[in-house]
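Printed here is my_file_14.cif (mmCIF, C-alpha atoms):
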```cif
data_coords
loop_
_atom_site.label_atom_id
_atom_site.label_comp_id
_atom_site.auth_asym_id
_atom_site.auth_seq_id
_atom_site.Cartn_x
_atom_site.Cartn_y
_atom_site.Cartn_z
CA MET Q 1106 0.00 0.00 0.00
CA SER Q 1107 1.35 3.42 -0.97
CA PRO Q 1108 1.87 5.95 1.84
CA ARG Q 1109 -0.84 8.51 2.48
CA ARG Q 1110 -0.30 11.65 0.45
CA ARG Q 1111 0.51 14.74 2.44
CA SER Q 1112 -2.32 17.17 3.06
CA TYR Q 1113 -2.40 20.82 3.94
CA ASP Q 1114 -4.82 19.83 6.70
CA GLN Q 1115 -6.81 23.02 6.27
CA TYR Q 1116 -10.61 23.22 6.22
CA CYS Q 1117 -10.51 25.33 3.06
CA ALA Q 1118 -11.83 24.54 -0.43
CA SER Q 1119 -8.64 25.82 -2.10
CA ALA Q 1120 -6.47 23.71 0.19
CA ARG Q 1121 -8.62 20.63 -0.50
CA ALA Q 1122 -8.27 21.23 -4.23
CA LEU Q 1123 -4.50 21.53 -3.93
CA ASP Q 1124 -4.43 18.34 -1.89
CA ALA Q 1125 -5.80 16.65 -5.02
CA VAL Q 1126 -4.03 18.46 -7.87
CA GLY Q 1127 -1.22 20.46 -6.30
CA ASP Q 1128 1.57 17.98 -7.05
CA ARG Q 1129 3.94 18.72 -9.92
CA TRP Q 1130 2.66 17.33 -13.26
CA THR Q 1131 -0.88 16.55 -12.09
CA LEU Q 1132 -2.60 19.47 -13.79
CA LEU Q 1133 -0.60 18.90 -16.96
CA ILE Q 1134 -1.80 15.30 -17.01
CA VAL Q 1135 -5.33 16.67 -16.69
CA ARG Q 1136 -4.56 18.97 -19.64
CA GLU Q 1137 -3.68 15.94 -21.75
CA LEU Q 1138 -6.70 13.91 -20.63
CA LEU Q 1139 -9.07 16.77 -21.43
CA ALA Q 1140 -8.41 15.78 -25.04
CA GLY Q 1141 -9.95 12.36 -24.38
CA PRO Q 1142 -8.72 8.90 -23.36
CA ARG Q 1143 -4.95 8.46 -23.70
CA ARG Q 1144 -2.61 5.52 -23.47
CA TYR Q 1145 0.24 5.70 -20.97
CA THR Q 1146 2.78 5.86 -23.79
CA ASP Q 1147 0.93 8.76 -25.42
CA LEU Q 1148 0.82 10.65 -22.13
CA HIS Q 1149 4.54 10.13 -21.61
CA ALA Q 1150 5.29 11.32 -25.15
CA ASP Q 1151 3.27 14.53 -24.69
CA LEU Q 1152 4.66 15.31 -21.24
CA PRO Q 1153 8.35 15.77 -22.07
CA GLY Q 1154 10.43 15.93 -18.92
CA VAL Q 1155 8.33 13.66 -16.72
CA SER Q 1156 9.92 10.39 -15.65
CA THR Q 1157 8.04 7.12 -16.03
CA ASP Q 1158 8.03 6.64 -12.26
CA VAL Q 1159 6.55 10.07 -11.57
CA LEU Q 1160 3.94 9.72 -14.31
CA ALA Q 1161 2.86 6.31 -12.99
CA ALA Q 1162 2.68 7.67 -9.45
CA ARG Q 1163 0.63 10.71 -10.47
CA LEU Q 1164 -1.81 8.59 -12.45
CA LYS Q 1165 -2.21 6.26 -9.47
CA ASP Q 1166 -2.86 9.26 -7.22
CA MET Q 1167 -5.41 10.64 -9.69
CA GLU Q 1168 -7.26 7.33 -9.67
CA ALA Q 1169 -7.28 7.33 -5.88
CA GLN Q 1170 -8.61 10.90 -5.85
CA GLY Q 1171 -11.39 10.01 -8.28
CA LEU Q 1172 -10.00 12.27 -10.99
CA ALA Q 1173 -9.13 9.60 -13.56
CA THR Q 1174 -9.87 6.00 -14.31
CA ARG Q 1175 -8.44 3.22 -16.46
CA ARG Q 1176 -10.26 1.04 -18.94
CA LYS Q 1177 -9.39 -1.35 -21.75
CA LEU Q 1178 -10.40 -0.34 -25.26
CA PRO Q 1179 -13.04 -2.62 -26.82
CA PRO Q 1180 -12.00 -4.99 -29.63
CA PRO Q 1181 -10.19 -4.71 -31.94
CA GLY Q 1182 -8.25 -2.39 -29.61
CA VAL Q 1183 -6.41 -4.04 -26.75
CA ALA Q 1184 -4.70 -1.03 -25.16
CA MET Q 1185 -5.38 0.28 -21.68
CA VAL Q 1186 -6.27 3.97 -21.60
CA TYR Q 1187 -6.65 6.60 -18.92
CA GLU Q 1188 -9.53 9.04 -18.98
CA LEU Q 1189 -10.96 11.70 -16.72
CA THR Q 1190 -13.93 11.04 -14.51
CA PRO Q 1191 -16.67 13.72 -14.47
CA HIS Q 1192 -14.97 15.04 -11.32
CA GLY Q 1193 -11.67 15.32 -13.17
CA ALA Q 1194 -13.29 16.85 -16.26
CA GLY Q 1195 -14.66 19.54 -13.96
CA LEU Q 1196 -11.13 20.96 -13.90
CA LEU Q 1197 -11.58 22.31 -17.45
CA PRO Q 1198 -12.47 25.87 -16.35
CA VAL Q 1199 -9.57 25.78 -13.88
CA LEU Q 1200 -7.08 24.85 -16.61
CA ALA Q 1201 -8.66 27.34 -19.01
CA ALA Q 1202 -8.33 30.13 -16.43
CA LEU Q 1203 -4.70 29.18 -15.75
CA ALA Q 1204 -3.99 29.19 -19.48
CA GLU Q 1205 -5.53 32.63 -19.88
CA TRP Q 1206 -3.60 33.94 -16.89
CA GLY Q 1207 -0.32 32.54 -18.20
CA ALA Q 1208 -0.79 33.34 -21.90
CA SER Q 1209 0.69 36.82 -21.61
CA ASP Q 1210 3.84 35.37 -20.01
CA LEU Q 1211 4.70 33.01 -22.85
CA GLY Q 1212 6.75 35.59 -24.72
CA GLU Q 1213 9.29 34.29 -27.22
CA ARG Q 1214 9.76 30.54 -27.30
CA ARG Q 1215 12.98 29.48 -25.60
CA PRO Q 1216 15.35 26.98 -27.27
CA THR Q 1217 14.65 24.50 -24.46
CA ASP Q 1218 10.85 24.77 -24.72
CA ALA Q 1219 9.03 21.69 -25.98
CA LEU Q 1220 5.89 22.36 -28.00
CA ARG Q 1221 2.84 20.35 -28.99
CA ALA Q 1222 0.22 22.00 -31.17
CA HIS Q 1223 -2.70 21.01 -28.94
CA TRP Q 1224 -1.17 22.92 -26.02
CA PHE Q 1225 -2.62 26.04 -27.66
CA ALA Q 1226 -6.16 24.66 -27.40
CA LEU Q 1227 -7.01 25.90 -23.90
CA PRO Q 1228 -6.11 29.57 -24.36
CA LEU Q 1229 -7.47 29.61 -27.91
CA MET Q 1230 -10.88 28.08 -27.19
CA ARG Q 1231 -11.73 30.96 -24.84
CA ARG Q 1232 -11.20 33.38 -27.74
CA LEU Q 1233 -13.43 31.63 -30.27
CA PRO Q 1234 -17.10 32.65 -30.48
CA ALA Q 1235 -19.47 30.03 -29.12
CA GLY Q 1236 -22.86 30.05 -30.82
CA GLU Q 1237 -26.11 28.46 -29.77
CA VAL Q 1238 -25.28 25.29 -31.70
CA PRO Q 1239 -22.21 23.20 -30.73
CA ALA Q 1240 -19.38 23.44 -33.23
CA VAL Q 1241 -15.92 22.04 -33.87
CA VAL Q 1242 -13.05 24.18 -35.13
CA GLU Q 1243 -9.93 22.57 -36.56
CA VAL Q 1244 -6.65 24.44 -36.17
CA ALA Q 1245 -3.60 23.79 -38.34
CA LEU Q 1246 -0.16 25.00 -37.24
CA ASP Q 1247 3.23 24.11 -38.69
CA GLU Q 1248 3.77 22.09 -35.50
CA GLY Q 1249 0.62 19.99 -35.97
CA VAL Q 1250 -3.16 19.96 -36.09
CA PHE Q 1251 -5.69 19.98 -33.26
CA HIS Q 1252 -9.36 20.78 -32.85
CA VAL Q 1253 -11.51 22.46 -30.23
CA ARG Q 1254 -15.15 21.86 -29.39
CA LEU Q 1255 -17.34 24.89 -28.73
CA GLY Q 1256 -20.28 23.76 -26.65
CA GLY Q 1257 -21.82 20.31 -26.58
CA THR Q 1258 -20.48 17.25 -24.78
CA GLY Q 1259 -17.34 15.19 -25.03
CA PRO Q 1260 -13.68 16.16 -24.80
CA ALA Q 1261 -13.10 19.92 -24.91
CA TYR Q 1262 -10.42 19.52 -27.55
CA GLY Q 1263 -8.41 16.86 -29.31
CA ASP Q 1264 -5.06 16.24 -30.93
CA GLY Q 1265 -5.17 15.76 -34.69
CA PRO Q 1266 -7.80 16.62 -37.31
CA ALA Q 1267 -11.54 16.60 -36.63
CA GLU Q 1268 -13.84 14.32 -38.60
CA ALA Q 1269 -16.18 17.05 -39.84
CA PRO Q 1270 -15.13 20.46 -38.54
CA ASP Q 1271 -17.44 23.44 -38.93
CA ALA Q 1272 -14.44 25.65 -39.73
CA ARG Q 1273 -10.70 25.30 -40.24
CA LEU Q 1274 -8.06 27.81 -39.16
CA ALA Q 1275 -4.56 27.89 -40.64
CA LEU Q 1276 -2.00 30.06 -38.85
CA ASP Q 1277 1.44 29.96 -37.27
CA ALA Q 1278 2.26 29.34 -33.62
CA GLU Q 1279 3.09 32.97 -32.86
CA THR Q 1280 -0.24 34.16 -34.24
CA CYS Q 1281 -2.03 31.43 -32.30
CA ARG Q 1282 -0.24 32.58 -29.14
CA ALA Q 1283 -1.31 36.18 -29.80
CA VAL Q 1284 -4.95 35.15 -30.25
CA GLY Q 1285 -4.84 33.06 -27.10
CA ALA Q 1286 -3.36 35.97 -25.15
CA GLY Q 1287 -6.14 38.25 -26.35
CA VAL Q 1288 -3.90 40.72 -28.17
CA LEU Q 1289 -5.26 39.70 -31.58
CA THR Q 1290 -8.70 38.52 -32.65
CA VAL Q 1291 -9.25 35.93 -35.35
CA GLU Q 1292 -11.00 38.57 -37.46
CA GLN Q 1293 -8.03 40.93 -37.13
CA GLY Q 1294 -5.69 38.08 -38.04
CA VAL Q 1295 -7.73 37.32 -41.15
CA ARG Q 1296 -7.66 40.96 -42.24
CA ALA Q 1297 -3.90 41.11 -41.66
CA GLY Q 1298 -3.35 37.98 -43.75
CA LEU Q 1299 -2.09 36.02 -40.74
CA ILE Q 1300 -5.00 33.58 -40.49
CA ASP Q 1301 -6.87 31.66 -43.16
CA VAL Q 1302 -10.40 30.56 -42.25
CA LEU Q 1303 -11.78 27.77 -44.39
CA GLY Q 1304 -15.44 26.84 -44.48
CA ASP Q 1305 -18.77 28.24 -45.69
CA GLY Q 1306 -20.99 27.72 -42.66
CA PRO Q 1307 -22.03 30.21 -39.98
CA VAL Q 1308 -19.06 29.38 -37.71
CA ALA Q 1309 -16.52 30.13 -40.44
CA THR Q 1310 -18.44 33.25 -41.42
CA ALA Q 1311 -18.43 34.50 -37.82
CA LEU Q 1312 -14.71 33.85 -37.46
CA ARG Q 1313 -13.93 35.78 -40.63
CA GLY Q 1314 -16.20 38.61 -39.58
CA ASP Q 1315 -18.11 38.44 -42.87
#
```
Using structure tokens, write down the structure from this file.
Amino acid sequence: MSPRRRSYDQYCASARALDAVGDRWTLLIVRELLAGPRRYTDLHADLPGVSTDVLAARLKDMEAQGLATRRKLPPPGVAMVYELTPHGAGLLPVLAALAEWGASDLGERRPTDALRAHWFALPLMRRLPAGEVPAVVEVALDEGVFHVRLGGTGPAYGDGPAEAPDARLALDAETCRAVGAGVLTVEQGVRAGLIDVLGDGPVATALRGD
């Protein structure tokens, strides 16, 4: 049996929350699982810098805290995946607020900084207009493709292309960072020739500002 995790031992909602997610790497694991079920190897690949021992320990802690669970994919898949419980998925607004708070501090990318395209999803999704009907927007950067879901149910975003996106954005990482930080709107980026919006539906029209 693993030793009991240390607690702040404070009757405070913030302290209780940090008891659950305050360890190094935990919230970044949540960030990855917000994109949907992930295999251990996929999590390790998209969390550069974490050791296998630490990742395994954090996932075990998250299961014990009721934040994540494991399940085996149905045939023909045989892999074991981790996914967030509803309690864990409730951390989406927390991660989104942290991303918005930290977006202005990104600055210029350092030579030692790893980058995955879908890491831009959280700050970006707060800058995209959400209509009355759920929509999916695909985003293509030089570093890769991801998609965000505006409204509806299911993972808030995902790595890779969407099956049938309502709009597609093509831009570079610096422009995506600027939009996520709130210093540039998608419409302004389109007018400046920094963003291409593909699609003919109402979502694409709204993003272009037509």
Distance query region 1231-1239 of chain Q at most 6 Å, all atoms listed in the file, self and fewer than 4 positions along chain excluded, as an MDAnalysis selection string: chainID Q and resid 1255:1257
Hey, what comes out of the PyMOL selection byres ((chain Q and resi 1280) around 8) on this file? Could you write it as a PDB file with C-alpha atoms, in the coordinates of the input?
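Written output follows (selection.pdb):
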```pdb
ATOM      1  CA  LEU Q1276      -2.000  30.060 -38.850  1.00  0.00           C
ATOM      2  CA  ASP Q1277       1.440  29.960 -37.270  1.00  0.00           C
ATOM      3  CA  ALA Q1278       2.260  29.340 -33.620  1.00  0.00           C
ATOM      4  CA  GLU Q1279       3.090  32.970 -32.860  1.00  0.00           C
ATOM      5  CA  CYS Q1281      -2.030  31.430 -32.300  1.00  0.00           C
ATOM      6  CA  ARG Q1282      -0.240  32.580 -29.140  1.00  0.00           C
ATOM      7  CA  ALA Q1283      -1.310  36.180 -29.800  1.00  0.00           C
ATOM      8  CA  VAL Q1284      -4.950  35.150 -30.250  1.00  0.00           C
ATOM      9  CA  LEU Q1289      -5.260  39.700 -31.580  1.00  0.00           C
ATOM     10  CA  GLY Q1294      -5.690  38.080 -38.040  1.00  0.00           C
ATOM     11  CA  LEU Q1299      -2.090  36.020 -40.740  1.00  0.00           C
ATOM     12  CA  ILE Q1300      -5.000  33.580 -40.490  1.00  0.00           C
TER      13      ILE Q1300
END
```
Expansion of the PyMOL selection byres ((chain Q and resi 1130) around 9) into residues, as a list of chain:residue names: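 Answer for the PyMOL selection byres ((chain Q and resi 1130) around 9): Q:Val1126, Q:Gly1127, Q:Asp1128, Q:Arg1129, Q:Thr1131, Q:Leu1132, Q:Leu1133, Q:Ile1134, Q:Val1135, Q:Leu1152, Q:Val1155, Q:Val1159, Q:Leu1160, Q:Arg1163.
Using only C-alpha atoms, the smallest distance between any of Q:Val1242, Q:Val1186, Q:Ala1194, Q:Ala1202 and Glu1268 (chain Q) comes from Q:Val1242.
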Counting only C-alpha atoms, the option among Q:Gly1154, Q:His1149, Q:Asp1166, Q:Leu1138 closest to Asp1218 (chain Q): Q:Gly1154
Selection result for the PyMOL selection byres ((chain Q and resi 1247) around 10) on this file, as a list in words: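 So the PyMOL selection byres ((chain Q and resi 1247) around 10), applied here, picks out Ala1222, Ala1245, Leu1246, Glu1248, Gly1249, Val1250, Ala1275, Leu1276, Asp1277 and Ala1278 of chain Q.
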Nearest candidate to Glu1137 (chain Q) (options Q:Arg1176, Q:Trp1206, Q:Ala1272, Q:Leu1197; using only C-alpha atoms):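 Between Q:Arg1176, Q:Trp1206, Q:Ala1272, Q:Leu1197, the residue approaching Glu1137 (chain Q) most closely is Q:Leu1197.
For the point (-16.7, 19.2, -42.9), the residues with an atom at a distance of at most 12 Å are Ala1240, Val1241, Val1242, Glu1243, Pro1266, Ala1267, Glu1268, Ala1269, Pro1270, Asp1271, Ala1272, Arg1273, Leu1303, Gly1304, Asp1305, Gly1306, Val1308 and Ala1309 of chain Q, counting only C-alpha atoms.
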Best match for closeness to Ala1161 (chain Q) among Q:Lys1177, Q:Arg1144, Q:Ser1209, Q:Ala1204, counting all atoms listed in the file: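 The shortest atom-to-atom distance to Ala1161 (chain Q) comes from Q:Arg1144.
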For CA of Glu1188 (chain Q) and CA of Leu1164 (chain Q), the interatomic separation in Å (one decimal): 10.1 Å
Nearest to Phe1225 (chain Q) by atom-to-atom distance, counting all atoms listed in the file, from Q:Leu1189, Q:Thr1174, Q:Arg1313, Q:Ala1286: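 Checking each of Q:Leu1189, Q:Thr1174, Q:Arg1313, Q:Ala1286 against Phe1225 (chain Q), counting all atoms listed in the file, the winner is Q:Ala1286.
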CA of Gly1141 (chain Q) to CA of Leu1220 (chain Q), straight-line distance in Å: 19.1 Å
Between CA of Glu1205 (chain Q) and CA of Thr1290 (chain Q), distance in Å (one decimal):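 It comes out at 14.4 Å.
Using only C-alpha atoms, the smallest distance between any of Q:Ala1150, Q:Leu1139, Q:Ala1261, Q:Val1199 and Ala1122 (chain Q) comes from Q:Val1199.
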Spatial neighbours of Asp1264 (chain Q), max dist 7 Å, only C-alpha atoms, sep filter under 5 positions, as number ranges by chain: Q: 1140, 1223, 1250-1252
Padded axis-aligned box of region 1223-1239 of chain Q (5 Å per side), centre and edge lengths, Å, one decimal, as lines of an AutoDock Vina configuration file:
```
center_x = -13.6
center_y = 27.2
center_z = -27.8
size_x = 34.9
size_y = 22.4
size_z = 17.8
```
